[in-house]
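> Just coords19.pdb, nothing more (PDB, C-alpha atoms):
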```
MODEL        1
ATOM      1  CA  MET A   1     108.159 127.940  61.779
ATOM      2  CA  SER A   2     106.135 125.709  64.141
ATOM      3  CA  ASN A   3     102.367 126.024  64.457
ATOM      4  CA  LEU A   4     101.282 126.401  68.090
ATOM      5  CA  LEU A   5      97.587 125.949  67.278
ATOM      6  CA  LYS A   6      96.796 122.355  68.267
ATOM      7  CA  TRP A   7      93.022 122.766  68.564
ATOM      8  CA  PRO A   8      91.545 123.038  65.028
ATOM      9  CA  ASN A   9      87.937 123.253  66.269
ATOM     10  CA  LEU A  10      88.572 125.941  68.890
ATOM     11  CA  ASP A  11      86.343 129.004  68.493
ATOM     12  CA  SER A  12      88.547 131.857  67.252
ATOM     13  CA  VAL A  13      86.763 134.470  69.382
ATOM     14  CA  GLU A  14      87.270 132.384  72.520
ATOM     15  CA  LEU A  15      90.937 131.980  71.610
ATOM     16  CA  ARG A  16      91.325 135.761  71.244
ATOM     17  CA  ILE A  17      89.712 136.291  74.651
ATOM     18  CA  LEU A  18      92.111 133.853  76.320
ATOM     19  CA  LEU A  19      95.133 135.406  74.639
ATOM     20  CA  HIS A  20      94.024 138.915  75.590
ATOM     21  CA  GLU A  21      93.469 137.912  79.231
ATOM     22  CA  ILE A  22      96.887 136.250  79.578
ATOM     23  CA  ILE A  23      99.173 138.139  77.158
ATOM     24  CA  GLY A  24      97.338 141.474  77.167
ATOM     25  CA  GLY A  25      98.129 144.343  74.832
ATOM     26  CA  THR A  26      96.085 145.938  72.099
ATOM     27  CA  GLY A  27      97.472 143.807  69.299
ATOM     28  CA  GLN A  28      98.699 144.972  65.906
ATOM     29  CA  SER A  29      97.547 143.866  62.468
ATOM     30  CA  ASP A  30      99.187 143.956  59.050
ATOM     31  CA  ASP A  31      95.852 144.628  57.310
ATOM     32  CA  LEU A  32      97.386 147.520  55.361
ATOM     33  CA  SER A  33      99.747 145.158  53.580
ATOM     34  CA  ARG A  34      96.740 143.127  52.355
ATOM     35  CA  ALA A  35      98.626 139.939  53.143
ATOM     36  CA  LYS A  36      96.661 136.717  52.562
ATOM     37  CA  PRO A  37      96.169 135.323  55.133
ATOM     38  CA  ARG A  38      96.545 138.402  57.329
ATOM     39  CA  ASN A  39      98.581 138.431  60.532
ATOM     40  CA  PHE A  40      97.765 139.762  63.986
ATOM     41  CA  TYR A  41     100.556 140.229  66.533
ATOM     42  CA  LEU A  42     100.257 140.143  70.337
ATOM     43  CA  PRO A  43     100.841 142.269  72.311
ATOM     44  CA  LEU A  44     102.386 144.242  69.397
ATOM     45  CA  ALA A  45     104.449 143.576  66.284
ATOM     46  CA  GLY A  46     108.229 143.673  66.270
ATOM     47  CA  PRO A  47     110.619 142.726  69.117
ATOM     48  CA  SER A  48     107.832 142.621  71.736
ATOM     49  CA  CYS A  49     105.700 140.115  69.814
ATOM     50  CA  ARG A  50     104.912 136.979  71.842
ATOM     51  CA  VAL A  51     102.727 135.237  69.248
ATOM     52  CA  ALA A  52     101.536 135.930  65.707
ATOM     53  CA  LEU A  53      98.062 134.828  64.680
ATOM     54  CA  LYS A  54      97.302 134.086  61.036
ATOM     55  CA  PHE A  55      93.692 134.643  59.965
ATOM     56  CA  LYS A  56      91.714 133.356  57.021
ATOM     57  CA  GLY A  57      88.605 135.491  57.053
ATOM     58  CA  LYS A  58      87.563 135.625  60.716
ATOM     59  CA  ARG A  59      89.106 132.265  61.612
ATOM     60  CA  VAL A  60      92.521 131.744  63.195
ATOM     61  CA  ILE A  61      94.279 129.065  61.153
ATOM     62  CA  ARG A  62      97.790 129.265  62.587
ATOM     63  CA  ILE A  63      99.715 130.624  65.597
ATOM     64  CA  GLU A  64     103.457 131.148  65.382
ATOM     65  CA  PRO A  65     105.927 132.154  68.112
ATOM     66  CA  GLY A  66     107.147 135.760  67.964
ATOM     67  CA  LYS A  67     110.531 137.252  68.834
ATOM     68  CA  ALA A  68     109.572 137.578  72.509
ATOM     69  CA  PHE A  69     107.882 134.165  72.728
ATOM     70  CA  ASP A  70     107.593 132.899  76.319
ATOM     71  CA  ALA A  71     107.363 129.092  76.447
ATOM     72  CA  ALA A  72     106.190 129.059  80.075
ATOM     73  CA  GLN A  73     103.427 131.551  79.328
ATOM     74  CA  TRP A  74     102.305 129.556  76.300
ATOM     75  CA  GLN A  75     102.081 126.448  78.482
ATOM     76  CA  GLN A  76      99.771 128.406  80.786
ATOM     77  CA  ILE A  77      97.656 129.394  77.775
ATOM     78  CA  SER A  78      97.571 125.777  76.567
ATOM     79  CA  ASN A  79      96.406 124.613  79.997
ATOM     80  CA  GLU A  80      93.643 127.223  80.026
ATOM     81  CA  ILE A  81      92.511 126.138  76.546
ATOM     82  CA  GLU A  82      92.417 122.480  77.601
ATOM     83  CA  GLN A  83      90.399 123.357  80.698
ATOM     84  CA  SER A  84      88.044 125.577  78.715
ATOM     85  CA  ILE A  85      87.280 122.715  76.325
ATOM     86  CA  THR A  86      86.554 120.245  79.127
ATOM     87  CA  GLY A  87      85.258 122.709  81.738
ATOM     88  CA  GLY A  88      82.394 122.078  84.126
ATOM     89  CA  THR A  89      78.775 122.957  83.435
ATOM     90  CA  LYS A  90      76.608 125.495  85.245
ATOM     91  CA  VAL A  91      73.387 127.312  84.443
ATOM     92  CA  GLY A  92      73.487 130.693  82.698
ATOM     93  CA  ARG A  93      70.673 133.203  83.196
ATOM     94  CA  ASP A  94      69.450 136.479  81.706
ATOM     95  CA  TYR A  95      66.348 138.368  80.681
ATOM     96  CA  SER A  96      64.717 137.917  77.278
ATOM     97  CA  PHE A  97      61.469 139.415  76.000
ATOM     98  CA  SER A  98      58.382 137.843  74.467
ATOM     99  CA  GLY A  99      55.530 139.290  72.447
ATOM    100  CA  ARG A 100      53.209 137.391  74.822
ATOM    101  CA  ARG A 101      53.035 137.947  78.579
ATOM    102  CA  VAL A 102      54.876 135.128  80.405
ATOM    103  CA  LYS A 103      52.616 133.928  83.245
ATOM    104  CA  GLY A 104      54.266 130.612  84.072
ATOM    105  CA  SER A 105      57.362 128.487  83.585
ATOM    106  CA  TRP A 106      58.461 125.790  81.144
ATOM    107  CA  ARG A 107      61.377 123.381  81.444
ATOM    108  CA  GLY A 108      62.953 121.213  78.764
ATOM    109  CA  GLU A 109      63.854 117.943  80.442
ATOM    110  CA  HIS A 110      66.388 117.015  77.758
ATOM    111  CA  SER A 111      67.704 120.407  76.637
ATOM    112  CA  GLY A 112      68.047 121.813  80.163
ATOM    113  CA  VAL A 113      66.514 125.111  79.009
ATOM    114  CA  GLN A 114      63.990 126.825  81.288
ATOM    115  CA  ILE A 115      61.627 129.760  80.831
ATOM    116  CA  LEU A 116      60.629 131.565  84.016
ATOM    117  CA  PRO A 117      58.187 134.438  84.566
ATOM    118  CA  PRO A 118      59.702 137.674  85.864
ATOM    119  CA  PRO A 119      59.629 138.245  89.638
ATOM    120  CA  ALA A 120      56.592 140.006  91.045
ATOM    121  CA  ASP A 121      58.503 143.257  91.619
ATOM    122  CA  ALA A 122      59.839 143.424  88.034
ATOM    123  CA  PRO A 123      58.509 146.195  85.755
ATOM    124  CA  SER A 124      55.636 145.080  83.536
ATOM    125  CA  ALA A 125      54.046 146.557  80.434
ATOM    126  CA  PRO A 126      50.460 147.842  80.860
ATOM    127  CA  LEU A 127      49.528 146.657  77.348
ATOM    128  CA  GLU A 128      49.438 143.159  75.854
ATOM    129  CA  GLN A 129      51.071 144.363  72.632
ATOM    130  CA  ALA A 130      54.519 144.885  74.175
ATOM    131  CA  ASP A 131      57.861 143.241  74.927
ATOM    132  CA  HIS A 132      57.205 141.194  78.060
ATOM    133  CA  PRO A 133      60.253 140.142  80.125
ATOM    134  CA  PHE A 134      61.020 136.579  81.131
ATOM    135  CA  ILE A 135      64.077 134.834  82.555
ATOM    136  CA  LEU A 136      65.833 132.355  80.302
ATOM    137  CA  GLU A 137      68.050 129.691  81.916
ATOM    138  CA  PHE A 138      70.308 127.301  80.014
ATOM    139  CA  PRO A 139      73.231 124.881  80.551
ATOM    140  CA  LEU A 140      76.619 126.514  80.065
ATOM    141  CA  MET A 141      80.175 125.205  79.948
ATOM    142  CA  VAL A 142      82.240 127.493  82.175
ATOM    143  CA  SER A 143      85.924 128.402  82.243
ATOM    144  CA  SER A 144      88.319 129.538  84.943
ATOM    145  CA  VAL A 145      88.686 132.746  82.884
ATOM    146  CA  ASP A 146      85.718 134.943  83.822
ATOM    147  CA  ALA A 147      85.830 136.921  80.561
ATOM    148  CA  LEU A 148      85.486 133.705  78.548
ATOM    149  CA  THR A 149      82.605 132.424  80.682
ATOM    150  CA  ASN A 150      80.775 135.742  80.338
ATOM    151  CA  TYR A 151      81.263 135.688  76.557
ATOM    152  CA  ARG A 152      79.847 132.175  76.369
ATOM    153  CA  ARG A 153      76.874 133.117  78.532
ATOM    154  CA  SER A 154      76.057 136.219  76.477
ATOM    155  CA  ARG A 155      76.437 134.393  73.182
ATOM    156  CA  LYS A 156      74.377 131.349  74.160
ATOM    157  CA  HIS A 157      71.666 133.575  75.608
ATOM    158  CA  ARG A 158      71.514 135.499  72.337
ATOM    159  CA  ASP A 159      71.518 132.345  70.168
ATOM    160  CA  LEU A 160      68.799 130.621  72.211
ATOM    161  CA  THR A 161      66.660 133.765  72.190
ATOM    162  CA  LEU A 162      66.958 133.963  68.396
ATOM    163  CA  LEU A 163      65.965 130.283  68.234
ATOM    164  CA  LEU A 164      62.915 130.910  70.440
ATOM    165  CA  ASN A 165      62.022 133.836  68.182
ATOM    166  CA  VAL A 166      61.602 131.296  65.376
ATOM    167  CA  LEU A 167      59.824 128.650  67.442
ATOM    168  CA  LEU A 168      57.423 130.677  69.617
ATOM    169  CA  ILE A 169      54.262 132.518  68.581
ATOM    170  CA  GLY A 170      54.873 136.140  69.524
ATOM    171  CA  GLY A 171      58.609 135.786  69.024
ATOM    172  CA  ALA A 172      61.425 136.529  71.436
ATOM    173  CA  LYS A 173      64.202 139.076  71.606
ATOM    174  CA  SER A 174      67.099 140.048  73.845
ATOM    175  CA  MET A 175      68.267 143.467  74.940
ATOM    176  CA  GLU A 176      70.813 144.827  72.480
ATOM    177  CA  PHE A 177      74.337 145.635  73.673
ATOM    178  CA  ARG A 178      73.931 149.173  72.332
ATOM    179  CA  HIS A 179      71.031 151.068  73.830
ATOM    180  CA  PRO A 180      69.771 153.804  71.462
ATOM    181  CA  SER A 181      68.152 156.969  72.786
ATOM    182  CA  SER A 182      65.055 158.764  71.531
ATOM    183  CA  TRP A 183      62.369 161.270  72.473
ATOM    184  CA  ALA A 184      59.476 159.635  74.296
ATOM    185  CA  HIS A 185      56.315 160.289  76.307
ATOM    186  CA  GLU A 186      55.557 158.556  79.555
ATOM    187  CA  ALA A 187      52.709 156.057  79.202
ATOM    188  CA  THR A 188      50.304 157.093  76.414
ATOM    189  CA  ASP A 189      49.457 160.616  77.589
ATOM    190  CA  LEU A 190      50.700 162.833  74.755
ATOM    191  CA  SER A 191      49.963 165.916  76.833
ATOM    192  CA  GLN A 192      52.925 165.096  79.070
ATOM    193  CA  LYS A 193      56.282 166.637  78.381
ATOM    194  CA  SER A 194      58.616 164.721  76.140
ATOM    195  CA  LYS A 195      61.844 163.319  77.545
ATOM    196  CA  TRP A 196      65.093 162.237  75.908
ATOM    197  CA  VAL A 197      65.451 158.684  77.205
ATOM    198  CA  THR A 198      67.732 155.708  76.648
ATOM    199  CA  GLN A 199      66.203 152.325  75.918
ATOM    200  CA  GLY A 200      66.897 149.823  78.666
ATOM    201  CA  PHE A 201      65.449 147.352  81.131
ATOM    202  CA  SER A 202      66.393 146.735  84.742
ATOM    203  CA  ALA A 203      64.821 144.201  87.083
ATOM    204  CA  PRO A 204      65.861 141.820  89.876
ATOM    205  CA  LEU A 205      67.614 138.770  88.446
ATOM    206  CA  GLY A 206      70.074 137.398  90.971
ATOM    207  CA  ALA A 207      73.227 135.542  89.969
ATOM    208  CA  LEU A 208      74.034 135.223  86.277
ATOM    209  CA  LEU A 209      75.509 131.773  86.948
ATOM    210  CA  ILE A 210      73.999 129.162  89.272
ATOM    211  CA  ASP A 211      74.737 125.504  89.937
ATOM    212  CA  GLN A 212      71.326 124.160  88.892
ATOM    213  CA  LEU A 213      68.057 125.314  87.370
ATOM    214  CA  SER A 214      65.895 127.534  89.534
ATOM    215  CA  VAL A 215      62.731 126.197  91.133
ATOM    216  CA  PRO A 216      59.963 126.463  88.491
ATOM    217  CA  ALA A 217      56.932 128.667  89.012
ATOM    218  CA  ALA A 218      53.776 127.216  90.533
ATOM    219  CA  ARG A 219      52.003 127.716  87.218
ATOM    220  CA  LYS A 220      53.254 125.929  84.106
ATOM    221  CA  LEU A 221      52.972 127.297  80.587
ATOM    222  CA  GLU A 222      50.349 125.514  78.532
ATOM    223  CA  GLU A 223      51.707 123.153  75.874
ATOM    224  CA  LEU A 224      49.831 122.686  72.604
ATOM    225  CA  ALA A 225      50.219 120.133  69.842
ATOM    226  CA  PRO A 226      52.447 121.533  67.055
ATOM    227  CA  GLU A 227      49.593 121.628  64.517
ATOM    228  CA  GLU A 228      47.323 123.486  66.930
ATOM    229  CA  TYR A 229      50.135 125.820  67.954
ATOM    230  CA  ASP A 230      51.031 126.758  64.383
ATOM    231  CA  ALA A 231      47.366 127.592  63.695
ATOM    232  CA  MET A 232      47.232 130.261  66.430
ATOM    233  CA  LEU A 233      46.535 133.750  65.109
ATOM    234  CA  GLY A 234      46.698 137.106  66.861
ATOM    235  CA  ASN A 235      47.133 137.851  70.534
ATOM    236  CA  ASP A 236      44.202 136.589  72.606
ATOM    237  CA  GLY A 237      45.620 137.966  75.866
ATOM    238  CA  GLU A 238      46.118 134.504  77.364
ATOM    239  CA  GLY A 239      49.876 134.898  77.477
ATOM    240  CA  LEU A 240      52.714 132.753  76.205
ATOM    241  CA  ARG A 241      52.077 129.135  75.299
ATOM    242  CA  VAL A 242      54.599 126.698  73.841
ATOM    243  CA  PRO A 243      54.488 123.826  71.359
ATOM    244  CA  SER A 244      54.744 120.357  72.904
ATOM    245  CA  ASN A 245      57.828 119.588  70.787
ATOM    246  CA  LEU A 246      59.782 122.674  71.953
ATOM    247  CA  ASP A 247      62.269 120.602  73.955
ATOM    248  CA  GLN A 248      62.884 118.329  70.968
ATOM    249  CA  SER A 249      63.378 121.336  68.675
ATOM    250  CA  ILE A 250      65.994 122.859  71.005
ATOM    251  CA  CYS A 251      67.819 119.513  71.234
ATOM    252  CA  SER A 252      67.816 119.215  67.431
ATOM    253  CA  TYR A 253      69.352 122.684  67.208
ATOM    254  CA  GLU A 254      72.047 121.797  69.752
ATOM    255  CA  ALA A 255      72.842 118.600  67.817
ATOM    256  CA  LEU A 256      73.611 120.461  64.582
ATOM    257  CA  LEU A 257      77.164 120.281  63.297
ATOM    258  CA  THR A 258      79.032 123.549  63.825
ATOM    259  CA  PRO A 259      78.847 124.733  60.162
ATOM    260  CA  ASN A 260      75.103 124.022  60.015
ATOM    261  CA  ARG A 261      74.462 125.697  63.368
ATOM    262  CA  GLU A 262      76.334 128.780  62.160
ATOM    263  CA  LYS A 263      74.112 128.861  59.061
ATOM    264  CA  PHE A 264      71.002 128.547  61.197
ATOM    265  CA  ASP A 265      72.201 131.270  63.586
ATOM    266  CA  ARG A 266      72.723 133.651  60.654
ATOM    267  CA  ALA A 267      69.274 132.819  59.298
ATOM    268  CA  ALA A 268      67.707 133.333  62.750
ATOM    269  CA  PHE A 269      69.460 136.705  63.056
ATOM    270  CA  TRP A 270      68.070 137.931  59.742
ATOM    271  CA  PHE A 271      64.629 136.523  60.587
ATOM    272  CA  GLY A 272      64.645 138.610  63.767
ATOM    273  CA  THR A 273      65.942 141.637  61.870
ATOM    274  CA  ALA A 274      63.100 141.320  59.372
ATOM    275  CA  SER A 275      60.546 141.545  62.184
ATOM    276  CA  SER A 276      62.193 144.559  63.809
ATOM    277  CA  MET A 277      62.516 146.402  60.472
ATOM    278  CA  ARG A 278      58.870 145.978  59.460
ATOM    279  CA  ASP A 279      57.777 149.282  61.009
ATOM    280  CA  VAL A 280      60.778 151.106  59.530
ATOM    281  CA  SER A 281      60.802 149.842  55.956
ATOM    282  CA  VAL A 282      58.765 147.052  54.386
ATOM    283  CA  SER A 283      61.311 146.629  51.591
ATOM    284  CA  ALA A 284      64.181 146.396  54.117
ATOM    285  CA  SER A 285      62.174 143.813  56.062
ATOM    286  CA  PHE A 286      61.655 141.810  52.860
ATOM    287  CA  ALA A 287      65.385 142.017  52.072
ATOM    288  CA  ALA A 288      66.149 140.660  55.550
ATOM    289  CA  PHE A 289      63.817 137.704  54.912
ATOM    290  CA  VAL A 290      65.721 137.035  51.672
ATOM    291  CA  SER A 291      68.992 137.119  53.602
ATOM    292  CA  ALA A 292      67.552 134.623  56.108
ATOM    293  CA  ILE A 293      66.738 132.205  53.276
ATOM    294  CA  GLU A 294      70.087 132.716  51.570
ATOM    295  CA  SER A 295      71.876 131.994  54.858
ATOM    296  CA  LEU A 296      70.621 128.403  54.666
ATOM    297  CA  THR A 297      71.672 127.824  51.054
ATOM    298  CA  ALA A 298      75.002 126.808  49.592
ATOM    299  CA  ARG A 299      76.767 129.342  47.408
ATOM    300  CA  GLY A 300      77.381 128.021  43.904
ATOM    301  CA  THR A 301      79.699 129.215  41.135
ATOM    302  CA  HIS A 302      77.580 128.244  38.117
ATOM    303  CA  HIS A 303      73.893 128.822  37.389
ATOM    304  CA  ASN A 304      72.151 126.834  34.655
ATOM    305  CA  PHE A 305      69.947 129.515  33.152
ATOM    306  CA  ASN A 306      69.455 130.309  29.495
ATOM    307  CA  VAL A 307      68.619 133.922  28.731
ATOM    308  CA  PRO A 308      65.524 133.798  26.451
ATOM    309  CA  PHE A 309      66.545 136.617  24.125
ATOM    310  CA  MET A 310      69.946 134.958  23.590
ATOM    311  CA  ALA A 311      68.219 131.763  22.433
ATOM    312  CA  ASP A 312      66.022 133.811  20.071
ATOM    313  CA  ARG A 313      69.132 135.548  18.766
ATOM    314  CA  GLU A 314      70.807 132.236  17.926
ATOM    315  CA  SER A 315      67.633 131.024  16.207
ATOM    316  CA  MET A 316      67.395 134.216  14.151
ATOM    317  CA  LYS A 317      71.073 133.994  13.227
ATOM    318  CA  SER A 318      70.559 130.413  11.990
ATOM    319  CA  LYS A 319      67.562 131.453   9.859
ATOM    320  CA  VAL A 320      69.498 134.320   8.263
ATOM    321  CA  GLU A 321      72.412 132.042   7.424
ATOM    322  CA  ARG A 322      70.093 129.472   5.814
ATOM    323  CA  SER A 323      68.347 132.237   3.847
ATOM    324  CA  CYS A 324      71.626 133.589   2.506
ATOM    325  CA  SER A 325      72.734 130.146   1.449
ATOM    326  CA  GLY A 326      69.466 129.456  -0.349
ATOM    327  CA  THR A 327      68.320 126.720   2.060
ATOM    328  CA  SER A 328      65.084 126.696   4.061
TER     329      SER A 328
ENDMDL
END
```
Could you express the structure from this file as structure tokens?

Amino acid sequence: MSNLLKWPNLDSVELRILLHEIIGGTGQSDDLSRAKPRNFYLPLAGPSCRVALKFKGKRVIRIEPGKAFDAAQWQQISNEIEQSITGGTKVGRDYSFSGRRVKGSWRGEHSGVQILPPPADAPSAPLEQADHPFILEFPLMVSSVDALTNYRRSRKHRDLTLLLNVLLIGGAKSMEFRHPSSWAHEATDLSQKSKWVTQGFSAPLGALLIDQLSVPAARKLEELAPEEYDAMLGNDGEGLRVPSNLDQSICSYEALLTPNREKFDRAAFWFGTASSMRDVSVSASFAAFVSAIESLTARGTHHNFNVPFMADRESMKSKVERSCSGTS
């Protein structure tokens, strides 16, 4: 049976989004059969199946026509995929949060990434030790399929924020998709009544996609030499500053080959998780740091390690044999 997948480097999640937008349906998997590789049928299995996707892990490795395959519809899908690969570029935008108050803007001339302070009417934390909002702008390849463009914007915003969390003193984080609820007091007055509230942040932002970077703020963020920046300790209340090689670091990240960038993204995720877990469990935070390190290593099948007591056992066995044979 012919393989319809002609784009070996196409992101499997993006492919699923395109197929869902054009074919529709909930899809049906044969996971219960434990087939290797597993199959996923759209819109359903059986006579109504248009295409069958074969997965290896989370990656689509093959697409085969189903019983209800529509050649004209597949041509439409192929055209959308081609356009999505070579689509135009715009600027994506969203809020991120820094452990340092953002009082100015910074722009990477080569990376096209920009940090902007929040607008004057945005909510602000009364304390320095808080999550301070800022607007993050970045170049984004867009698609004619809105769902695909939104996925790309959300994912790149998350990945860049995780990268900034590694590179910036004070870290950076994005608002999670799931907003947990908890009991809380307003401000720091414990005499006030408690309220059951949902975590969230809302502030003026404007369009999520624009044609070019916004006008920078009148004040620019201070840039420090990397050695001086790395030596900074504590929060002096002066707000966010950036290393002078930040633009170069972002460009180096963007230049990584896909497998290496995926490794780095996993490591950055666990690095951020370690920070957020510190107040919950020190041991869990440590385990997350271990996961971050392991994400950057290659998994081997053999480990050259001699167990000490096994070596002693062999030595003792040899001595006993020599003793029994009358040799020394």
> What is the CA of Ala203 (chain A)-CA of Val113 (chain A) distance in Å, reported with one decimal?
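About the pair CA of Ala203 (chain A) and CA of Val113 (chain A): they are 20.8 Å apart.
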> What do you get, as a ChimeraX atom specification, if you spell out every residue that the PyMOL selection byres ((chain A and resi 78) around 12) selects here?
/A:4-7,10,15,18-19,22,71-77,79-85
> So how far away is CA of Arg16 (chain A) from CA of Lys54 (chain A), in Å?
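Between CA of Lys54 (chain A) and CA of Arg16 (chain A) the gap is 11.9 Å.
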> Convert the output of the PyMOL selection byres ((chain A and resi 196) around 7) on the shown file into explicit residues, formatted as a ChimeraX atom specification.
/A:181-184,194-195,197
> Compile the contact shell of Ala125 (chain A) as a ChimeraX atom specification: residues with an atom at most 12 Å away, counting all atoms listed in the file, same-chain residues fewer than 3 positions apart removed.
/A:97-102,118,122,128-133,187-188,201
> Suppose you want the space between CA of Leu44 (chain A) and CA of Ala147 (chain A); what is it in Å?
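Here the two named atoms are 21.3 Å from each other.
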> Using all atoms listed in the file, which residue out of A:Lys90, A:Arg62, A:Arg266, A:Lys67 lies closest to Cys49 (chain A)?
A:Lys67
> Counting all atoms listed in the file, which residue out of A:Pro180, A:Pro117, A:Pro226, A:Pro259 sits closest to Ser214 (chain A)?
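For Ser214 (chain A), the nearest of the candidates is A:Pro117.
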> When you look at Arg153 (chain A) with a cut-off of 12 Å (counting only C-alpha atoms), what residues show up, excluding the ones that are within fewer than 5 positions of it in the same chain? I need them as a list in words.
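Contacts, with the query itself left out: Thr89, Lys90, Val91, Gly92, Arg93, Asp94, Tyr95, Leu136, Glu137, Phe138, Pro139, Leu140, Met141, Val142, Ser143, Asp146, Ala147, Leu148, Arg158, Asp159, Leu160, Leu208, Leu209 and Ile210 of chain A.
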> So which one's closest to Val60 (chain A), A:Val13, A:Ile250, A:Ile23, A:Ile293? Using only C-alpha atoms, please.
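Of A:Val13, A:Ile250, A:Ile23, A:Ile293, the one nearest Val60 (chain A), counting only C-alpha atoms, is A:Val13.
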> Show me, as AutoDock Vina command-line options, the centre and edge lengths in Å to one decimal of the axis-aligned box that covers every listed atom of region 138-146 of chain A with 6 Å on each side.

```
--center_x 79.5 --center_y 129.9 --center_z 82.4 --size_x 30.4 --size_y 22.1 --size_z 17.0
```
> If we count all atoms listed in the file and set the cut-off at 12 Å, which residues sit around Ala287 (chain A), ignoring sequence neighbours fewer than 2 positions away in its own chain? Please answer as a list in words.
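My reading of the contact set: Trp270, Phe271, Thr273, Ala274, Ser275, Met277, Arg278, Ser281, Val282, Ser283, Ala284, Ser285, Phe289, Val290, Ser291, Ala292, Ile293 and Glu294 of chain A.
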> Here is a test: counting all atoms listed in the file, which residue of A:Leu162, A:Leu257, A:Met175, A:Leu224 is nearest to Ser202 (chain A)?
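Looking at the shortest contact to Ser202 (chain A), the residue is A:Met175.
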> Can you give me, as a list of chain:residue names, the residues this file yields under the PyMOL selection byres ((chain A and resi 40) around 8)?
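With the PyMOL selection byres ((chain A and resi 40) around 8) on this model, the match is A:Gly27, A:Gln28, A:Ser29, A:Asp30, A:Arg38, A:Asn39, A:Tyr41, A:Leu42, A:Ala52, A:Leu53, A:Lys54, A:Phe55.
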> Could you tell me which of A:Arg241, A:Lys156, A:Lys263, A:Lys56 comes closest to Ile115 (chain A) if we count only C-alpha atoms?
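The closest residue to Ile115 (chain A) is A:Arg241.
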> For Asn235 (chain A), which of A:Val215, A:Ala288, A:Leu127, A:Leu164 is the closest residue, counting only C-alpha atoms?
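The answer is A:Leu127, which sits nearest to Asn235 (chain A).
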> Hey, which bits of region 199-259 of chain A sit within 8 Å of region 104-107 of chain A, and for each residue what's the closest pair of atoms and how far apart in Å (one decimal), counting all atoms listed in the file, rows by chain and increasing number, as CSV?

```
residue,atom,partner,partner_atom,distance
A:Pro216,CA,A:Ser105,CA,5.9
A:Ala217,CA,A:Ser105,CA,5.4
A:Ala218,CA,A:Gly104,CA,7.3
A:Arg219,CA,A:Gly104,CA,4.8
A:Lys220,CA,A:Gly104,CA,4.8
A:Leu221,CA,A:Gly104,CA,5.0
```
